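Next comes upload-v3.txt, a file with compact mmCIF, C-alpha atoms.
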# COMPACT_ATOMS: atom_id res chain seq x y z
CA MET B 110 -180.14 3.21 -20.69
CA LEU B 111 -177.39 3.97 -23.19
CA ASN B 112 -173.81 2.80 -22.89
CA ILE B 113 -171.68 5.69 -24.08
CA GLY B 114 -168.03 5.14 -24.98
CA ILE B 115 -165.81 8.19 -24.90
CA ASP B 116 -162.23 8.77 -26.01
CA ILE B 117 -160.15 11.08 -23.80
CA ASP B 118 -157.52 12.92 -25.85
CA ASP B 119 -159.00 15.63 -28.10
CA THR B 120 -162.52 14.49 -27.21
CA LEU B 121 -162.82 14.99 -23.46
CA THR B 122 -159.69 17.15 -23.31
CA LYS B 123 -157.79 19.69 -25.42
CA THR B 124 -154.67 17.53 -25.68
CA SER B 125 -153.40 18.62 -29.10
CA GLU B 126 -153.91 22.27 -28.22
CA LEU B 127 -151.65 21.98 -25.15
CA ALA B 128 -149.11 19.80 -26.95
CA ASN B 129 -148.82 22.40 -29.71
CA GLU B 130 -148.42 25.21 -27.15
CA ILE B 131 -145.48 23.29 -25.64
CA LEU B 132 -144.09 22.63 -29.13
CA HIS B 133 -144.22 26.33 -30.05
CA GLN B 134 -142.43 27.34 -26.84
CA ASN B 135 -139.39 25.30 -27.87
CA GLU B 136 -136.90 26.77 -30.37
CA GLU B 137 -135.95 23.24 -31.41
CA TYR B 138 -139.30 22.90 -33.20
CA LYS B 139 -139.41 26.37 -34.77
CA GLY B 140 -141.54 26.47 -37.90
CA ILE B 141 -143.50 23.29 -37.11
CA LEU B 142 -147.18 24.20 -36.76
CA ASP B 143 -148.52 20.92 -35.37
CA TYR B 144 -146.77 18.24 -33.33
CA HIS B 145 -148.49 15.59 -35.50
CA ASN B 146 -146.22 16.77 -38.35
CA LEU B 147 -143.04 15.68 -36.56
CA ASP B 148 -141.23 12.68 -38.00
CA LYS B 149 -141.78 9.45 -36.08
CA LYS B 150 -138.51 9.55 -34.12
CA THR B 151 -138.86 13.23 -33.17
CA LEU B 152 -142.53 12.76 -32.28
CA ASP B 153 -141.67 9.83 -30.02
CA PHE B 154 -138.99 11.93 -28.27
CA PHE B 155 -141.36 14.93 -27.93
CA ILE B 156 -144.16 12.77 -26.49
CA ARG B 157 -141.94 10.93 -24.00
CA LYS B 158 -140.37 14.20 -22.84
CA ASN B 159 -143.67 16.10 -22.44
CA ILE B 160 -146.42 13.52 -21.93
CA GLU B 161 -146.73 13.80 -18.16
CA LYS B 162 -146.98 17.59 -18.30
CA ILE B 163 -149.53 17.37 -21.11
CA GLN B 164 -151.67 14.77 -19.31
CA ASN B 165 -151.51 16.57 -15.95
CA ASP B 166 -152.15 20.10 -17.25
CA VAL B 167 -154.56 19.58 -20.14
CA GLU B 168 -157.87 21.44 -20.03
CA LEU B 169 -161.24 19.80 -20.45
CA ASN B 170 -163.24 20.71 -23.51
CA GLU B 171 -165.95 23.23 -22.65
CA SER B 172 -169.05 21.76 -20.98
CA ALA B 173 -167.60 18.21 -21.00
CA LYS B 174 -168.03 17.72 -17.25
CA GLU B 175 -171.53 19.19 -17.20
CA VAL B 176 -172.71 17.05 -20.13
CA ILE B 177 -171.19 13.87 -18.68
CA ASP B 178 -172.93 14.61 -15.36
CA TYR B 179 -176.19 15.20 -17.27
CA LEU B 180 -175.82 11.91 -19.14
CA LYS B 181 -175.13 10.04 -15.89
CA ASP B 182 -178.17 11.67 -14.27
CA ASN B 183 -180.26 10.50 -17.23
CA GLY B 184 -179.27 6.86 -16.78
CA CYS B 185 -176.44 6.63 -19.28
CA LYS B 186 -173.42 4.48 -18.49
CA ILE B 187 -170.12 6.32 -19.15
CA ILE B 188 -167.15 4.23 -20.30
CA PHE B 189 -163.87 5.87 -21.25
CA ILE B 190 -161.96 3.85 -23.84
CA THR B 191 -158.46 5.18 -24.46
CA ALA B 192 -155.11 4.25 -25.95
CA ARG B 193 -153.42 5.84 -22.92
CA GLY B 194 -151.06 3.44 -21.20
CA SER B 195 -149.97 1.67 -24.39
CA LEU B 196 -146.61 1.95 -26.15
CA GLY B 197 -144.68 1.62 -22.89
CA LEU B 198 -146.43 4.59 -21.30
CA GLU B 199 -148.08 2.71 -18.41
CA ASN B 200 -147.30 5.69 -16.17
CA LEU B 201 -150.26 7.45 -17.83
CA ILE B 202 -152.75 5.09 -16.18
CA PRO B 203 -152.43 6.48 -12.63
CA ILE B 204 -151.98 10.01 -14.02
CA THR B 205 -155.24 9.69 -15.95
CA LYS B 206 -157.17 8.29 -12.98
CA LYS B 207 -155.89 11.09 -10.74
CA TYR B 208 -156.69 13.73 -13.39
CA LEU B 209 -160.28 12.48 -13.80
CA SER B 210 -160.70 12.39 -10.03
CA ASN B 211 -159.29 15.90 -9.58
CA LYS B 212 -161.60 17.23 -12.32
CA GLU B 213 -164.53 15.30 -10.77
CA ILE B 214 -165.27 13.55 -14.06
CA TYR B 215 -167.75 10.74 -13.48
CA TYR B 216 -167.33 7.38 -15.21
CA ASP B 217 -168.58 3.86 -14.69
CA LYS B 218 -165.51 2.26 -16.22
CA ILE B 219 -162.24 3.18 -17.89
CA ILE B 220 -160.42 0.90 -20.30
CA PHE B 221 -156.76 1.67 -21.06
CA LYS B 222 -154.30 0.50 -23.74
CA GLN B 223 -156.91 0.37 -26.53
CA GLU B 224 -155.21 1.37 -29.75
CA SER B 225 -158.04 -0.43 -31.56
CA LYS B 226 -161.18 0.40 -29.63
CA VAL B 227 -163.74 -1.72 -31.46
CA ASP B 228 -163.29 -4.86 -29.33
CA ALA B 229 -163.75 -2.88 -26.11
CA CYS B 230 -166.87 -1.26 -27.60
CA ILE B 231 -168.36 -4.65 -28.51
CA LYS B 232 -167.44 -6.26 -25.17
CA ASN B 233 -169.02 -3.37 -23.23
CA ASN B 234 -172.15 -3.13 -25.39
CA ILE B 235 -171.43 0.46 -26.38
CA ASP B 236 -174.40 2.14 -28.07
CA ILE B 237 -172.59 5.34 -29.09
CA PHE B 238 -168.86 5.98 -29.31
CA ILE B 239 -167.40 9.50 -29.34
CA ASP B 240 -163.87 10.04 -30.70
CA ASP B 241 -161.93 12.63 -32.70
CA LYS B 242 -160.29 10.14 -35.07
CA GLU B 243 -162.01 9.14 -38.31
CA LYS B 244 -160.05 5.88 -38.60
CA VAL B 245 -161.07 4.74 -35.11
CA LEU B 246 -164.72 5.53 -35.81
CA ASP B 247 -164.63 3.75 -39.18
CA GLU B 248 -163.73 0.50 -37.38
CA ILE B 249 -166.40 0.98 -34.74
CA LYS B 250 -169.13 1.85 -37.24
CA LYS B 251 -168.46 -1.48 -39.04
CA ALA B 252 -169.57 -3.16 -35.78
CA ASN B 253 -172.97 -1.38 -36.10
CA ILE B 254 -172.25 1.00 -33.24
CA LYS B 255 -173.36 4.62 -33.60
CA THR B 256 -170.44 7.03 -33.87
CA LEU B 257 -169.95 10.71 -33.15
CA ARG B 258 -166.87 12.48 -34.42
CA PHE B 259 -165.64 15.27 -32.14
CA CYS B 260 -164.11 17.77 -34.56
CA SER B 261 -164.43 21.28 -35.93
CA SER B 262 -167.56 22.02 -37.91
CA LYS B 263 -165.35 22.53 -41.00
CA THR B 264 -163.91 19.01 -40.88
CA ILE B 265 -165.16 16.58 -43.50
CA SER B 266 -166.28 13.26 -42.03
CA LYS B 267 -168.32 10.15 -42.87
CA HIS B 268 -169.60 10.22 -39.29
CA GLU B 269 -172.14 12.36 -37.49
CA LYS B 270 -170.12 15.37 -36.29
CA VAL B 271 -170.18 17.35 -33.07
CA SER B 272 -167.92 20.31 -32.40
CA ASN B 273 -168.67 20.71 -28.70
CA TRP B 274 -170.18 18.88 -25.74
CA LEU B 275 -173.51 20.70 -25.92
CA GLU B 276 -173.96 19.18 -29.39
CA VAL B 277 -173.15 15.76 -27.86
CA LYS B 278 -175.92 16.37 -25.31
CA ASP B 279 -178.43 17.36 -28.03
CA TYR B 280 -177.59 14.28 -30.12
CA ILE B 281 -177.95 11.88 -27.19
CA ASP B 282 -181.13 13.63 -25.99
CA LYS B 283 -182.73 12.81 -29.37
CA ILE B 284 -181.82 9.13 -28.95
CA LEU B 285 -183.07 9.06 -25.36
CA LYS B 286 -186.42 10.53 -26.46
CA GLU B 287 -186.76 7.83 -29.15
CA LYS B 288 -186.34 5.03 -26.57
Could you quickly redo this structure as structure tokens?
Amino acid sequence: MLNIGIDIDDTLTKTSELANEILHQNEEYKGILDYHNLDKKTLDFFIRKNIEKIQNDVELNESAKEVIDYLKDNGCKIIFITARGSLGLENLIPITKKYLSNKEIYYDKIIFKQESKVDACIKNNIDIFIDDKEKVLDEIKKANIKTLRFCSSKTISKHEKVSNWLEVKDYIDKILKEK
């Protein structure tokens, strides 16, 4: 059995895509292509103003639910490890639980408020961690945990890359066959 750690935003869901749609609908942010390019104060205001809408309305990445169900059916333990709920945004904890329930996303455990995810990975014996952020994966890889970076195929990365959930399935299938 594999213990699979999974990030939520921009890994399970299309968070940045929705956040940027909201950004582009607002004249106040005209000319800004990506909400990540906002200065710290403006970004904080934008997030606090729009976070509940983003978290409630965000779409799952294609095939995420089906692949997670497949992994569960093949004996994998699914553990979501997320920064959600930190930085004074505790209201995201019940929103996230309700969202996952409404979308019928299976998980064995969810760990909130993890800005640094390596300790949670070690404590939960994670075999593979999937995240979109290079910096997060760098930390986790130092702990000898396999990493998968969820990103576009054009992105340069030190980590094994997957650009969709079917690629996640193929990667984990190879590991399961080796065991």
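Non-sequential neighbours of Lys218 of chain B (distance at most 9 Å, separation of 6 or more positions within a chain, all atoms listed in the file) are Lys186, Ile187, Ile188, Phe189 and Ile190 of chain B.
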(message) One number please: atom CA of Glu137 of chain B to atom CA of Asp166 of chain B, in Å, one decimal.
(response)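 Separation of atom CA of Glu137 of chain B and atom CA of Asp166 of chain B: 21.7 Å.
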(request) Take the point (-142.6, 5.2, -21.6) in the file's coordinates, draw a sphere of radius 10 Å around it, and report as a PyMOL selection string every protein, DNA or RNA residue with an atom inside or on it, counting all atoms listed in the file. (result) chain B and resi 153+156-158+160+194-201
(request) Figure out the distance between atom CA of Thr120 of chain B and atom CA of Asn273 of chain B, please, to one decimal in Å. (result)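 Here the two named atoms are 8.9 Å from each other.
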(message) Under the rule that all atoms listed in the file are counted, which of B:Leu127, B:Arg193, B:Leu180, B:Asp148 is the nearest residue to Lys162 of chain B?
(response)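 Of all the options, B:Leu127 lies closest to Lys162 of chain B.
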